[in-house]
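To start, the structure itself, in structure tokens.
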Amino acid sequence: MSRRNGFSLVRWWSIVRKEFLQLRRDRVTFAMIVGIPILQMALFGYAINTDPKHLDTAVISADNSDITRSFISAMKNSDYFKFVGQLPDEAAGRDALNRGKVLFVVTIPAGFTRQLLRHERPALLIEADGSDPIAGASALAAVNGIAQSVIQKELTGPLAPLAGSPAAFDVEIHRLFNPEGITQYNVVPGLMGVILTLTMVMMTGLAMTRERERGTMENLLTMPSTPIEVMTGKLIPYIGIGLIQSTIILLAARFVFHVPFFGNIGAVYLVALLFVAANLTVGITFSSLAGNQLQAVQLTVFYFLPNILLSGFMFPFQGMPKWAQALGNLLPLTYFNRLIRGIMLKGNGWADSWPSAWPLMVFTLVVMTVAVKTYRRTLD
Amino acid sequence: MSASANPDFAIDVKDLNKHFGDKHVVNNVSMRVRKGEIFGFLGPNGSGKTTTIRMMCGLLKPDSGSGTCLGYDIRRDSADIKRNVGYMTQRFSFWDDLTIRENLDFVARMYQVPGRRDVVQKSLEDLGLVGRAGQLAGELSGGWKQRMALAACMLHNPMLLLLDEPTAGVDPKARCDFWDELQGLAARGVSVLVSTHYMDEAVRCHKLAYIAYGKLLAQGSAAEVVASQHLSSWAIIGEKLVQLQETLRQQPGVEQTVSFGTVLHVSGTDADLLQRTVAATVAHQGVRAQKIDTGLEDVFIYMMSRSADNFGDRP
Ligand SMILES: Nc1ncnc2c1ncn2[C@@H]1O[C@H](COP(=O)(O)OP(=O)(O)O)[C@@H](O)[C@H]1O
Ligand SMILES: [Mg+2]
């Protein structure tokens with residue numbers, strides 16, 4: 001006669017309703033939902049919007065002609081670059097970059113002008129310290145315009161035919177220390193993952209401990225509910241919250257930071273949903289592991305740090321040591337960063353996204369199983 | 001249904017034990033509550049009542065021991081027990097940030113009560129809370145919280161109620177109404193296990209159990225519990241009872257003196273010795289002494305102080 005206690009949609013829905021009702025009256029949480037993304041975006045956005053000028057630049061000049069001098073002075077005039085001196089060779093240039101003495105080294109190869117005049121389309125090389133992508137990004141973005149204006153100005157008269165397209169010379173940019181070229185644009189979608197991680201894990205981390213601390217857990221345990229009903233029921237409202245936060249960030253990305261958007265908005269929300277689900281399972285697991293709300297917050301911070309450091313948000317993933325990459329590969333944020341950057345900035349479709357999407361799904365399933373296993377059915 | 005379950009008993013547990021750390025909180029407790037019975041569970045604070053009740057309804061796992069609630073095994077069938085038992089926690093455990101109606105509605109949904117809306121409405125009417133149904137539960141006064149909690153744990157018409165100090169902090173009139181209602185429920189066949197500190201409530205129970213320091217010291221009807229301690233008692237009525245109490249305490253045969261204001265109860269297990277002592281004392285002090293039936297309260301106080309001497313951690 002002892003019936004198995006199966007999943008009941010009615011009970012599950014009643015828990016969902018209860019969570020919504022409580023959330024609606026919880027001003028602090030509500031303020032957190034809207035406040036955290038705005039605050040974080042404002043902080044990081046400030047860093048993004050700074051448009052540094054007069055960055056230290058060195059020249060290795062193996063060719064000295066009107067045209068190359070004109071190019072250098074055009075760079076100076078752009079206000080982005082400040083020339084700090086000549087360097088004898090490539091080795092010296094590397095050394096200066098490595099020591100952080102300069103942010104850029106402009107190399108004018110031997111025979112540049114001669115090749116130019118022979119229509120051989122020579123290339124100028126600019127090596128950039130990419131470890132501070134925000135600092136260098138706008139300067140580098142300006143280089144092409146500078147090259148164009150030099151061409152317009154110098155290649156006149158008999159040289160005019162050179163000015164036509166294709167361009168008379170190339171500017172090759174090598175980003176050192178940051179081969180993936182993480183630019184300011186990458187920061188905003190990356191920030192979406194960071195904000196979602198923090199708020200989702202923190203808020204659900206408190207969900208169960210709050211019941212325990214207020215004594216209502218005893219009541220909940222007295223009722224005929226299964227762990228999966230309680231846990232998933234409690235998570236539902238936070239999915240909505242995660243999507244609201246995503247929307248706030250996307251709107252800011254579009255209208256405040258003017259991040260280009262190449263992908264499909266539906267795909268963005270889909271991966272956001274996957275990512276939110278992954279984080280919620282982490283939060284609810286912490287929630288049943290932690291004895292009180294303070295411990296839940298500590299666990300969240302403990303989880304948050306490796307996410308920031310090892311997911312490719314802060315440092316280029318490929319540049320990390322192997323062990324760090326291995327750890328990073330266990331974190332949902334790593335996959336979300338790749339997904340969201342790929343979709344937003346490169347217009348990636350389903351086929352490109354799948355390799356980073358399925359690990360999120362596996363993660364969610366595994367951690368949800370752990371969560372249900374750690375759920376305490378008794379007060380012991 | 002468990003093979004060993006006796007259909008006459010709503011609760012039938014045997015040799016329950018529970019430790020918290022190295023503290024033996026419940027020590028070999030066996031208890032039987034018949035169907036339709038109001039069973040009073042008494043004992044000083046910290047004696048293990050709440051822990052025992054929690055083990056009965058599957059909220060705590062006993063370290064050892066076994067038993068059934070409504071025929072369901074307390075270890076195996078806690079899901080069935082939860083569906084069929086109404087448990088009112090000692091500490092208010094409803095959601096302060098939900099309204100009264102929302103709390104009741106949530107409970108009704110969780111138990112999948114048929115005709116939920118009407119049941120909740122009816123419950124609010126019975127409570128006299130229709131006008132305040134939209135008020136947050138956290139804003140209610142202590143007495144109203146108790147009443148709401150009781151109403152909530154009865155929404156699904158359980159056949160067994162486990163009530164952990166349901167009337168603590170409730171005014172006398174409300175307590176009286178509450179007990180009338182319990183009596184009505186019992187008459188309809190609902191079994192009730194209720195822990196309490198109030199003597200006037202103890203006497204309204206069909207059966208009683210007294211627990212101290214985790215051990216069940218007596219169990220049965222009020223008369224049986226009283227008889228089990230073999231106490232004889234005298235009431236002494238008169239002036240200056242405080243001094244008299246001091247003197248009597250030292251006398252042979254006097255094991256307990258309890259002052260009820262103008263009356264002093266003196267009890268002991270050796271009836272003859274006690275009678276001689278009382279007679280001698282009364283003669284000298286000019287007070288009136290009268291043999292009485294030992295009361296429940298005398299017996300409870302006697303059991304409590306004796307168990308403190310036997311197992312209590314004295315300083
Ligand atoms: N979860 C727990 N952890 C540790 N000790 C507990 C716990 N619950 C109760 N106790 C201890 O067990 C003893 C019995 O408590 P309890 O069952 O609440 O007694 P009562 O309900 O009779 O007042 C008390 O000393 C109490 O401090
Ligand atoms: Mg108690």
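Each chain of the structure tokens is named A, B, ... in the order shown, its residues numbered from 1; ligands are numbered from 1 in display order.
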Contact table chain A vs chain B, cut-off 12 Å, shortest pair per residue, only C-alpha atoms, as a Markdown table:
```
| residue | atom | partner | partner_atom | distance |
| --- | --- | --- | --- | --- |
| A:Met1 | CA | B:Met1 | CA | 5.6 |
| A:Ser2 | CA | B:Asp80 | CA | 6.4 |
| A:Arg3 | CA | B:Asp80 | CA | 7.1 |
| A:Arg4 | CA | B:Ala79 | CA | 7.8 |
| A:Asn5 | CA | B:Ala79 | CA | 6.3 |
| A:Gly6 | CA | B:Ala79 | CA | 10.0 |
| A:Phe7 | CA | B:Met110 | CA | 11.9 |
| A:Ser8 | CA | B:Met110 | CA | 9.2 |
| A:Leu9 | CA | B:Met110 | CA | 10.1 |
| A:Val10 | CA | B:Arg109 | CA | 6.8 |
| A:Arg11 | CA | B:Met110 | CA | 4.8 |
| A:Trp12 | CA | B:Met110 | CA | 8.2 |
| A:Trp13 | CA | B:Arg109 | CA | 8.7 |
| A:Ser14 | CA | B:Arg109 | CA | 6.0 |
| A:Ile15 | CA | B:Phe106 | CA | 7.7 |
| A:Val16 | CA | B:Phe106 | CA | 10.3 |
| A:Arg17 | CA | B:Phe106 | CA | 8.4 |
| A:Lys18 | CA | B:Phe106 | CA | 7.0 |
| A:Glu19 | CA | B:Leu98 | CA | 9.9 |
| A:Phe20 | CA | B:Leu98 | CA | 10.5 |
| A:Leu21 | CA | B:Leu98 | CA | 7.1 |
| A:Gln22 | CA | B:Asp97 | CA | 6.1 |
| A:Leu23 | CA | B:Asp97 | CA | 9.3 |
| A:Arg24 | CA | B:Asp97 | CA | 9.7 |
| A:Arg25 | CA | B:Asp97 | CA | 7.0 |
| A:Asp26 | CA | B:Asp97 | CA | 8.4 |
| A:Arg27 | CA | B:Asp97 | CA | 11.5 |
| A:Arg210 | CA | B:Trp95 | CA | 11.0 |
| A:Glu211 | CA | B:Trp95 | CA | 8.9 |
| A:Arg212 | CA | B:Ser93 | CA | 10.0 |
| A:Glu213 | CA | B:Ser93 | CA | 10.5 |
| A:Arg214 | CA | B:Ser93 | CA | 7.5 |
| A:Gly215 | CA | B:Ser93 | CA | 5.5 |
| A:Thr216 | CA | B:Ser93 | CA | 4.4 |
| A:Met217 | CA | B:Ser93 | CA | 7.6 |
| A:Glu218 | CA | B:Ser93 | CA | 7.0 |
| A:Asn219 | CA | B:Ser93 | CA | 5.8 |
| A:Leu220 | CA | B:Ser93 | CA | 8.7 |
| A:Leu221 | CA | B:Leu59 | CA | 7.0 |
| A:Thr222 | CA | B:Lys82 | CA | 5.8 |
| A:Met223 | CA | B:Lys82 | CA | 5.7 |
| A:Pro224 | CA | B:Lys82 | CA | 5.4 |
| A:Ser225 | CA | B:Met110 | CA | 7.2 |
| A:Thr226 | CA | B:Ala79 | CA | 8.8 |
| A:Pro227 | CA | B:Ala79 | CA | 11.7 |
| A:Glu229 | CA | B:Met110 | CA | 10.6 |
| A:Val230 | CA | B:Met110 | CA | 10.7 |
| A:Arg376 | CA | B:Leu59 | CA | 9.9 |
| A:Arg377 | CA | B:Leu59 | CA | 7.4 |
| A:Thr378 | CA | B:Leu59 | CA | 4.6 |
| A:Leu379 | CA | B:Leu60 | CA | 5.7 |
| A:Asp380 | CA | B:Leu60 | CA | 5.7 |
```
Neighbouring residues of ligand 1 are defined here as those with any atom at most 6 Å from a ligand atom, counting only C-alpha atoms and all ligand atoms; list them as a PyMOL selection string. chain B and resi 20+25+45-51
Could you tell me how far CA of Ala92 (chain A) sits from CA of Asn64 (chain A), in Å to one decimal place?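 So the answer is 18.8 Å.
All residues of region 154-274 of chain A that DSSP, run on the backbone, classes as strand (DSSP E) are Asp170, Val171, Glu172, Ile173, His174, Arg175 and Leu176 of chain A.
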What's the 10 Å shell around Leu208 (chain B), counting only C-alpha atoms, without same-chain residues fewer than 4 positions away, as a short mmCIF file (atom, residue, chain, number, x, y, z; two decimals) with N, CA and C atoms, in the first residue's frame?
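The resulting file, result14.cif, is shown below:
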```cif
data_model
loop_
_atom_site.label_atom_id
_atom_site.label_comp_id
_atom_site.auth_asym_id
_atom_site.auth_seq_id
_atom_site.Cartn_x
_atom_site.Cartn_y
_atom_site.Cartn_z
N VAL B 33 -0.63 4.94 20.78
CA VAL B 33 -1.79 5.84 20.78
C VAL B 33 -2.90 5.14 20.02
N ILE B 38 -7.11 11.09 22.37
CA ILE B 38 -6.30 12.30 22.55
C ILE B 38 -5.22 11.94 23.55
N PHE B 39 -4.00 11.98 23.08
CA PHE B 39 -2.89 11.49 23.88
C PHE B 39 -1.99 12.67 24.24
N GLY B 40 -1.89 12.93 25.53
CA GLY B 40 -1.10 14.07 25.98
C GLY B 40 0.35 13.67 26.20
N PHE B 41 1.25 14.52 25.73
CA PHE B 41 2.68 14.23 25.82
C PHE B 41 3.29 15.31 26.69
N LEU B 42 3.68 14.94 27.89
CA LEU B 42 4.15 15.94 28.83
C LEU B 42 5.60 15.72 29.21
N LEU B 193 -1.95 13.36 19.00
CA LEU B 193 -0.86 13.37 19.97
C LEU B 193 -0.50 14.83 20.18
N VAL B 194 -0.63 15.28 21.44
CA VAL B 194 -0.43 16.70 21.69
C VAL B 194 0.53 16.90 22.86
N SER B 195 1.58 17.67 22.61
CA SER B 195 2.48 17.95 23.73
C SER B 195 2.04 19.26 24.36
N ALA B 202 -3.78 18.58 30.33
CA ALA B 202 -3.41 17.18 30.59
C ALA B 202 -4.63 16.39 31.05
N VAL B 203 -5.45 17.01 31.90
CA VAL B 203 -6.59 16.25 32.42
C VAL B 203 -7.66 16.03 31.35
N ARG B 204 -7.61 16.79 30.27
CA ARG B 204 -8.61 16.59 29.21
C ARG B 204 -8.17 15.51 28.21
N ALA B 218 6.17 7.42 32.56
CA ALA B 218 4.86 6.85 32.85
C ALA B 218 3.98 7.01 31.63
N GLN B 219 3.04 6.11 31.48
CA GLN B 219 2.15 6.16 30.33
C GLN B 219 0.83 5.51 30.71
N GLY B 220 -0.27 6.11 30.32
CA GLY B 220 -1.58 5.54 30.61
C GLY B 220 -2.60 6.64 30.85
N SER B 221 -3.77 6.26 31.38
CA SER B 221 -4.77 7.28 31.70
C SER B 221 -4.25 8.09 32.89
N ALA B 222 -4.88 9.21 33.14
CA ALA B 222 -4.43 10.07 34.24
C ALA B 222 -4.40 9.27 35.54
N ALA B 223 -5.42 8.49 35.78
CA ALA B 223 -5.48 7.70 37.01
C ALA B 223 -4.35 6.69 37.07
N GLU B 224 -4.08 6.06 35.94
CA GLU B 224 -3.00 5.06 35.90
C GLU B 224 -1.65 5.72 36.16
N VAL B 225 -1.46 6.88 35.56
CA VAL B 225 -0.18 7.58 35.74
C VAL B 225 -0.01 7.96 37.21
#
```
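Between CA of Ala96 (chain A) and CA of Gln318 (chain A) the separation is 23.3 Å.
Shortest atom-to-atom contact with ligand 2 among B:Gly21, B:Gly138, B:Gly261, B:Gly214: B:Gly214, counting only C-alpha atoms and all ligand atoms.
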